[in-house]
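Chemist: Below you'll find protein03.txt; it's compact mmCIF, C-alpha atoms.
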```txt
# COMPACT_ATOMS: atom_id res chain seq x y z
CA MET U 1 14.94 13.61 -6.38
CA VAL U 2 13.66 16.33 -4.06
CA VAL U 3 12.23 15.25 -0.70
CA SER U 4 10.57 17.10 2.13
CA CYS U 5 8.56 16.12 5.19
CA CYS U 6 5.08 17.46 5.58
CA ALA U 7 1.69 16.47 6.99
CA GLY U 8 2.95 13.18 8.40
CA ALA U 9 4.10 11.96 5.00
CA VAL U 10 7.20 12.47 2.90
CA ALA U 11 6.75 14.60 -0.22
CA VAL U 12 8.90 13.54 -3.16
CA ALA U 13 9.55 14.84 -6.65
CA ASP U 14 12.01 14.49 -9.48
CA ASP U 15 14.83 17.03 -9.38
CA GLY U 16 13.56 20.31 -10.66
CA GLY U 17 9.91 19.24 -10.45
CA SER U 18 7.05 19.94 -8.15
CA SER U 19 6.78 17.92 -4.96
CA GLY U 20 3.03 17.54 -5.46
CA ALA U 21 2.41 18.95 -2.00
CA SER U 22 -1.28 19.42 -2.74
CA GLU U 23 -1.52 15.65 -3.11
CA VAL U 24 0.29 14.79 0.13
CA PRO U 25 -2.17 12.88 2.33
CA GLU U 26 -2.35 13.15 6.09
CA SER U 27 -0.93 10.37 8.20
CA PHE U 28 -3.40 7.95 9.78
CA THR U 29 -3.51 5.30 12.50
CA LEU U 30 -4.51 1.69 11.88
CA ARG U 31 -7.59 1.29 14.07
CA ASP U 32 -8.18 -2.44 13.59
CA SER U 33 -6.82 -4.46 16.53
CA ARG U 34 -6.46 -7.45 14.21
CA ILE U 35 -3.69 -5.61 12.35
CA GLY U 36 -0.81 -5.98 14.78
CA GLU U 37 2.02 -6.82 12.40
CA SER U 38 1.36 -4.71 9.32
CA SER U 39 4.16 -5.80 7.03
CA GLY U 40 3.15 -4.49 3.60
CA LEU U 41 1.32 -1.47 2.23
CA ALA U 42 -0.12 -0.64 -1.19
CA ALA U 43 -2.30 2.23 -2.34
CA SER U 44 -5.49 1.07 -4.01
CA ARG U 45 -5.95 1.82 -7.70
CA ALA U 46 -9.72 1.30 -7.59
CA HIS U 47 -10.66 3.12 -4.38
CA LYS U 48 -9.39 6.62 -3.62
CA GLY U 49 -7.73 7.01 -0.25
CA VAL U 50 -7.73 3.27 0.50
CA TYR U 51 -4.62 1.25 1.33
CA TRP U 52 -4.15 -2.52 1.33
CA THR U 53 -2.19 -4.15 4.13
CA HIS U 54 -1.71 -7.52 5.81
CA ASN U 55 -0.06 -9.03 8.84
CA ASP U 56 3.22 -10.87 9.00
CA SER U 57 3.22 -14.63 9.63
CA ASP U 58 0.70 -16.46 11.84
CA ASP U 59 -2.35 -14.33 10.97
CA GLY U 60 -3.94 -16.42 8.25
CA PRO U 61 -4.98 -15.75 4.64
CA TYR U 62 -6.30 -12.22 5.16
CA VAL U 63 -5.76 -8.92 3.40
CA TYR U 64 -7.25 -5.70 4.78
CA ALA U 65 -8.47 -2.56 3.00
CA VAL U 66 -7.98 0.49 5.23
CA ASP U 67 -9.52 3.93 4.72
CA GLY U 68 -6.66 6.42 4.86
CA ARG U 69 -8.97 9.15 6.15
CA THR U 70 -10.15 7.27 9.24
CA GLY U 71 -7.70 4.39 9.65
CA LYS U 72 -10.64 1.98 9.84
CA THR U 73 -10.77 -1.34 8.00
CA VAL U 74 -13.44 -1.15 5.30
CA ALA U 75 -13.02 -4.65 3.85
CA THR U 76 -11.35 -7.94 4.69
CA VAL U 77 -10.44 -10.27 1.84
CA THR U 78 -9.95 -13.94 2.70
CA LEU U 79 -7.76 -15.93 0.32
CA ARG U 80 -9.31 -19.36 -0.18
CA GLY U 81 -7.09 -22.43 -0.35
CA ILE U 82 -4.04 -20.59 0.99
CA ASP U 83 -2.05 -21.47 4.11
CA PRO U 84 0.47 -18.61 4.15
CA ARG U 85 3.90 -19.19 5.62
CA ASP U 86 5.41 -15.70 5.90
CA VAL U 87 3.55 -12.95 4.05
CA GLU U 88 5.74 -9.86 3.80
CA ALA U 89 4.65 -7.63 0.92
CA ILE U 90 1.76 -6.41 -1.20
CA SER U 91 1.50 -4.44 -4.44
CA VAL U 92 -1.23 -3.45 -6.91
CA GLY U 93 -0.43 -4.00 -10.57
CA PRO U 94 -1.55 -2.15 -13.71
CA ASP U 95 -3.76 -5.12 -14.53
CA GLY U 96 -6.02 -4.24 -11.60
CA ASN U 97 -4.81 -7.17 -9.51
CA VAL U 98 -3.46 -7.24 -5.98
CA TYR U 99 -0.22 -9.21 -5.59
CA VAL U 100 0.61 -10.68 -2.18
CA GLY U 101 4.15 -11.87 -1.50
CA ASP U 102 4.51 -14.95 0.71
CA ILE U 103 8.25 -14.45 0.37
CA GLY U 104 9.66 -14.18 3.89
CA ASP U 105 12.24 -16.66 5.13
CA ASN U 106 13.19 -16.18 8.75
CA LEU U 107 15.65 -19.06 8.39
CA ASP U 108 17.81 -16.78 6.24
CA GLY U 109 17.15 -18.24 2.85
CA THR U 110 16.53 -21.95 3.24
CA TRP U 111 13.08 -22.43 1.71
CA PRO U 112 13.54 -23.87 -1.81
CA GLU U 113 10.59 -21.88 -3.10
CA VAL U 114 8.20 -19.10 -2.10
CA TRP U 115 4.88 -17.89 -3.50
CA ILE U 116 2.99 -14.94 -4.87
CA TYR U 117 -0.81 -14.80 -4.72
CA ARG U 118 -2.81 -12.65 -7.13
CA PHE U 119 -6.46 -11.63 -7.04
CA PRO U 120 -8.52 -8.87 -8.72
CA GLU U 121 -8.92 -5.76 -6.65
CA PRO U 122 -12.58 -5.85 -5.51
CA ARG U 123 -14.90 -3.32 -7.12
CA ALA U 124 -16.90 -3.00 -3.91
CA LEU U 125 -15.37 -2.63 -0.47
CA ARG U 126 -16.96 -5.33 1.65
CA ASP U 127 -15.81 -8.52 3.34
CA THR U 128 -15.35 -11.21 0.73
CA ALA U 129 -13.48 -14.43 -0.07
CA VAL U 130 -11.56 -15.02 -3.29
CA THR U 131 -9.59 -17.87 -4.81
CA PRO U 132 -6.26 -16.33 -5.83
CA THR U 133 -3.92 -17.42 -8.56
CA ARG U 134 -0.81 -18.90 -6.98
CA TYR U 135 2.66 -18.51 -8.48
CA THR U 136 5.69 -20.53 -7.42
CA VAL U 137 8.92 -18.53 -7.21
CA ARG U 138 12.55 -19.61 -7.10
CA TYR U 139 15.62 -17.42 -7.26
CA GLU U 140 18.54 -17.58 -9.61
CA GLY U 141 21.43 -18.67 -7.41
CA GLY U 142 19.34 -20.31 -4.72
CA PRO U 143 16.97 -19.36 -1.88
CA ARG U 144 16.81 -15.84 -0.46
CA ASN U 145 15.10 -14.10 2.41
CA ALA U 146 12.94 -11.23 1.15
CA GLU U 147 10.32 -8.76 2.38
CA SER U 148 9.88 -6.47 -0.65
CA LEU U 149 7.70 -7.16 -3.68
CA MET U 150 6.98 -4.49 -6.30
CA VAL U 151 4.87 -4.65 -9.48
CA HIS U 152 5.95 -2.12 -12.08
CA PRO U 153 2.97 0.17 -12.79
CA LYS U 154 3.56 0.24 -16.56
CA THR U 155 5.01 -3.14 -17.57
CA GLY U 156 3.38 -5.30 -14.88
CA ARG U 157 6.66 -7.12 -14.26
CA VAL U 158 7.15 -8.30 -10.68
CA TYR U 159 10.34 -7.57 -8.74
CA ILE U 160 11.57 -8.79 -5.37
CA ALA U 161 14.32 -7.22 -3.26
CA SER U 162 16.10 -9.71 -1.04
CA LYS U 163 17.05 -8.84 2.52
CA SER U 164 20.59 -9.22 3.82
CA ASP U 165 22.38 -7.72 6.83
CA GLU U 166 25.72 -8.45 5.15
CA GLY U 167 25.31 -6.12 2.17
CA LYS U 168 24.60 -9.03 -0.17
CA GLY U 169 20.98 -8.25 -0.99
CA GLY U 170 19.75 -7.85 -4.53
CA LEU U 171 16.89 -6.82 -6.75
CA TYR U 172 15.40 -9.78 -8.64
CA ALA U 173 13.22 -9.57 -11.74
CA GLY U 174 10.55 -12.11 -12.52
CA PRO U 175 9.59 -13.27 -16.02
CA SER U 176 7.79 -10.70 -18.17
CA ARG U 177 4.61 -12.62 -17.34
CA LEU U 178 4.23 -14.96 -14.39
CA SER U 179 3.12 -18.52 -15.05
CA ALA U 180 0.76 -20.36 -12.72
CA SER U 181 1.62 -23.73 -14.25
CA GLY U 182 5.34 -23.92 -13.50
CA VAL U 183 8.20 -22.36 -11.58
CA ASN U 184 8.95 -18.67 -12.05
CA THR U 185 12.67 -17.99 -11.78
CA PHE U 186 13.60 -14.51 -10.56
CA SER U 187 16.96 -13.27 -11.83
CA ARG U 188 19.27 -10.84 -10.06
CA VAL U 189 19.44 -7.47 -11.86
CA ALA U 190 20.96 -5.11 -9.25
CA LYS U 191 22.64 -4.97 -5.87
CA VAL U 192 20.83 -3.81 -2.73
CA ASP U 193 23.36 -3.16 0.03
CA PHE U 194 21.05 -2.88 3.04
CA GLU U 195 18.24 -4.79 4.78
CA ALA U 196 15.26 -3.90 2.59
CA THR U 197 11.95 -4.41 4.40
CA ASP U 198 9.69 -3.12 1.60
CA GLY U 199 9.70 -1.22 -1.67
CA ALA U 200 7.41 0.65 -4.04
CA PHE U 201 7.44 2.09 -7.56
CA SER U 202 6.08 5.56 -8.19
CA PRO U 203 2.84 5.60 -10.20
CA ASP U 204 4.70 6.75 -13.33
CA GLY U 205 7.24 3.93 -12.96
CA ARG U 206 10.24 6.27 -13.05
CA ARG U 207 11.22 5.98 -9.38
CA LEU U 208 11.71 3.20 -6.89
CA VAL U 209 11.93 3.56 -3.12
CA LEU U 210 13.33 0.77 -0.96
CA ARG U 211 13.11 1.10 2.79
CA ALA U 212 14.91 -0.44 5.74
CA TYR U 213 13.79 -0.37 9.37
CA PHE U 214 14.91 3.22 9.96
CA SER U 215 15.92 4.58 6.56
CA ALA U 216 14.91 4.61 2.89
CA THR U 217 16.67 5.07 -0.44
CA ALA U 218 15.30 6.50 -3.66
CA TYR U 219 16.39 5.34 -7.11
CA ARG U 220 15.78 6.37 -10.67
CA TRP U 221 14.43 3.41 -12.58
CA GLY U 222 16.12 2.65 -15.90
CA GLY U 223 13.99 -0.36 -16.75
CA ASP U 224 14.79 -3.84 -18.01
CA GLY U 225 17.91 -3.89 -20.13
CA ALA U 226 19.37 -0.76 -18.54
CA SER U 227 22.79 -1.14 -16.97
CA PRO U 228 22.34 -0.66 -14.13
CA PRO U 229 18.52 -0.58 -13.89
CA LEU U 230 18.80 1.35 -10.62
CA ARG U 231 20.56 4.67 -10.15
CA ARG U 232 20.60 5.93 -6.60
CA SER U 233 19.17 9.43 -6.36
CA GLY U 234 19.19 10.10 -2.63
CA ASP U 235 17.99 9.22 0.83
CA VAL U 236 14.36 9.66 1.83
CA PRO U 237 13.61 10.84 5.38
CA VAL U 238 11.68 8.26 7.36
CA PRO U 239 9.50 9.08 10.38
CA LEU U 240 10.48 7.46 13.66
CA GLN U 241 8.56 4.17 13.87
CA ARG U 242 8.54 1.15 16.13
CA GLN U 243 9.54 -1.33 13.42
CA GLY U 244 9.46 0.08 9.92
CA GLU U 245 8.14 -2.62 7.60
CA SER U 246 6.21 -1.04 4.74
CA VAL U 247 6.16 1.71 2.14
CA THR U 248 3.97 2.83 -0.76
CA PHE U 249 3.59 5.86 -2.97
CA ALA U 250 0.41 7.85 -2.56
CA PRO U 251 -1.70 7.61 -5.74
CA GLY U 252 -0.58 10.96 -7.16
CA GLY U 253 3.08 10.07 -6.75
CA GLY U 254 3.78 13.22 -4.73
CA ALA U 255 4.31 11.47 -1.41
CA VAL U 256 5.65 8.28 0.12
CA MET U 257 3.74 6.65 2.97
CA PHE U 258 5.61 4.59 5.57
CA GLY U 259 4.07 1.96 7.84
CA SER U 260 5.15 -0.01 10.89
CA GLU U 261 4.30 -3.11 12.85
CA GLY U 262 2.40 -2.78 16.13
CA VAL U 263 -1.24 -2.48 17.14
CA GLY U 264 -2.43 1.06 16.53
CA SER U 265 0.62 1.89 14.41
CA SER U 266 0.71 4.97 12.22
CA VAL U 267 1.10 5.30 8.45
```
Please render this file's structure as structure tokens.
Modeler:
Amino acid sequence: MVVSCCAGAVAVADDGGSSGASEVPESFTLRDSRIGESSGLAASRAHKGVYWTHNDSDDGPYVYAVDGRTGKTVATVTLRGIDPRDVEAISVGPDGNVYVGDIGDNLDGTWPEVWIYRFPEPRALRDTAVTPTRYTVRYEGGPRNAESLMVHPKTGRVYIASKSDEGKGGLYAGPSRLSASGVNTFSRVAKVDFEATDGAFSPDGRRLVLRAYFSATAYRWGGDGASPPLRRSGDVPVPLQRQGESVTFAPGGGAVMFGSEGVGSSV
């Protein structure tokens, strides 16, 4: 993978390919004072230049659509019937749904189960309330702390990267299709040897980036059944941020956008 910094974002490309510099968006600042602990980031599939984000714990059942040109919130989605515990990640799937990961565990992996909420990406950007589908998640081998949830852009399978400061983290794969009527067991498929705070697949599904607070790692994605499914391809430069918590690919796949907690933080 080739990486280069430009225009407040990080341009990326497969080795020997174009970095897609013409598609590298400018950085922007989150202007909404309600967004003080932005902990996940996902580029919209339905609305060009819009990014979905949310706060960490204690904010409530809210997801925000932010215009990447102005940094202003253009829609707030309220999730009905949800009392989130520790929302840490967000991803948009190929089915046109937004997936929200209530997967954090600040007690270092003691919650017996966590949850994923799914709702259709709104066609119109305005404040609205939706009733999401709720999925119960448990991990093979017992509870884990996690902050990274990624939906593969081709298969729709959901993955979670656990977070460990002892080099014991892992990438966990959910069932091929999540079930809302029972428990979804996520199985370990690869090792992650750093504290992953978020992750994102490239739009073509061939690359995966996992970030930590001050660094990020790029992988080639081999897919389910590959051994190993992840092949490390290099480090990705990360801009200096207060507390790096989020990452997403820009829609064209030519750049990676990094976000941080803090009121008025930059992406």
Chemist: Dump as a PDB file with C-alpha atoms, in the frame of the given file all residues having an atom at most 8 Å from (17.5, -17.9, -7.6), computed in the file's coordinates with all atoms listed in the file.
Modeler:
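Below you can see result06.pdb, which holds the result:
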```
ATOM      1  CA  ARG U 138      12.550 -19.610  -7.100  1.00  0.00           C
ATOM      2  CA  TYR U 139      15.620 -17.420  -7.260  1.00  0.00           C
ATOM      3  CA  GLU U 140      18.540 -17.580  -9.610  1.00  0.00           C
ATOM      4  CA  GLY U 141      21.430 -18.670  -7.410  1.00  0.00           C
ATOM      5  CA  GLY U 142      19.340 -20.310  -4.720  1.00  0.00           C
ATOM      6  CA  PRO U 143      16.970 -19.360  -1.880  1.00  0.00           C
ATOM      7  CA  ARG U 144      16.810 -15.840  -0.460  1.00  0.00           C
ATOM      8  CA  THR U 185      12.670 -17.990 -11.780  1.00  0.00           C
ATOM      9  CA  PHE U 186      13.600 -14.510 -10.560  1.00  0.00           C
ATOM     10  CA  SER U 187      16.960 -13.270 -11.830  1.00  0.00           C
ATOM     11  CA  ARG U 188      19.270 -10.840 -10.060  1.00  0.00           C
TER      12      ARG U 188
END
```
Chemist: Pick out the closest residue to Pro239 of chain U from this set: U:Trp221, U:Tyr172, U:Tyr213, U:Tyr64. Count all atoms listed in the file.
Modeler: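 Going through U:Trp221, U:Tyr172, U:Tyr213, U:Tyr64 one by one, the smallest distance to Pro239 of chain U is for U:Tyr213.
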Chemist: Ranking U:Leu230, U:Val74, U:Ala65, U:Val183 by minimum distance to Val114 of chain U and counting all atoms listed in the file, which one comes first?
Modeler: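 So, comparing all the options, the nearest one is U:Val183.
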Chemist: Which residues are near segment 43-45 of chain U? Cut-off 7 Å, all atoms listed in the file, ignore same chain within fewer than 2 positions. Put them as an MDAnalysis selection string.
Modeler: chainID U and resid 41 47:48 50:52 92 248:251
Chemist: Write out, as a PDB file, in the frame of the given file, the residues just selected, with C-alpha atoms.
Modeler:
```
ATOM      1  CA  LEU U  41       1.320  -1.470   2.230  1.00  0.00           C
ATOM      2  CA  HIS U  47     -10.660   3.120  -4.380  1.00  0.00           C
ATOM      3  CA  LYS U  48      -9.390   6.620  -3.620  1.00  0.00           C
ATOM      4  CA  VAL U  50      -7.730   3.270   0.500  1.00  0.00           C
ATOM      5  CA  TYR U  51      -4.620   1.250   1.330  1.00  0.00           C
ATOM      6  CA  TRP U  52      -4.150  -2.520   1.330  1.00  0.00           C
ATOM      7  CA  VAL U  92      -1.230  -3.450  -6.910  1.00  0.00           C
ATOM      8  CA  THR U 248       3.970   2.830  -0.760  1.00  0.00           C
ATOM      9  CA  PHE U 249       3.590   5.860  -2.970  1.00  0.00           C
ATOM     10  CA  ALA U 250       0.410   7.850  -2.560  1.00  0.00           C
ATOM     11  CA  PRO U 251      -1.700   7.610  -5.740  1.00  0.00           C
TER      12      PRO U 251
END
```
Chemist: Counting only C-alpha atoms, which residue out of U:Asp198, U:Glu261, U:Asp102, U:Glu37 sits closest to Pro61 of chain U?
Modeler: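 The shortest atom-to-atom distance to Pro61 of chain U comes from U:Asp102.
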Chemist: Measuring atom to atom with only C-alpha atoms, identify which of U:Lys191, U:Arg134, U:Lys163, U:Arg207 is nearest to Glu245 of chain U.
Modeler: U:Lys163
Chemist: Would you be able to write out as a count of residues only which residues have an atom within 12 Å of (3.9, -3.4, -11.7) in the file's coordinates, counting only C-alpha atoms?
Modeler: 39
Chemist: Do a neighbour search on Gly167 of chain U at 10 Å with only C-alpha atoms, toss out local chain neighbours closer than 6 positions, and write the hits as an MDAnalysis selection string.
Modeler: chainID U and resid 191:195
Chemist: Show which residues sit within 7 Å of Gly259 of chain U, as a PDB file with C-alpha atoms, in the frame of the given file. Count only C-alpha atoms, and ignore same-chain residues fewer than 3 positions away.
Modeler:
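The resulting file, around.pdb, is reproduced below:
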```pdb
ATOM      1  CA  GLY U 244       9.460   0.080   9.920  1.00  0.00           C
ATOM      2  CA  GLU U 245       8.140  -2.620   7.600  1.00  0.00           C
ATOM      3  CA  SER U 246       6.210  -1.040   4.740  1.00  0.00           C
ATOM      4  CA  VAL U 247       6.160   1.710   2.140  1.00  0.00           C
ATOM      5  CA  SER U 266       0.710   4.970  12.220  1.00  0.00           C
ATOM      6  CA  VAL U 267       1.100   5.300   8.450  1.00  0.00           C
TER       7      VAL U 267
END
```
Chemist: What gap, in Å, lies between atom CA of Val209 of chain U and atom CA of Glu88 of chain U?
Modeler: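 So the answer is 16.3 Å.
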Chemist: For atom CA of Ala212 of chain U and atom CA of Asn184 of chain U, quote the distance in Å rounded to one decimal.
Modeler: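 If I compute the distance from atom CA of Ala212 of chain U to atom CA of Asn184 of chain U, I get 26.2 Å.
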Chemist: Calculate how many Å separate atom CA of Ser164 of chain U from atom CA of Glu147 of chain U, rounding to one decimal.
Modeler: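 So the answer is 10.4 Å.
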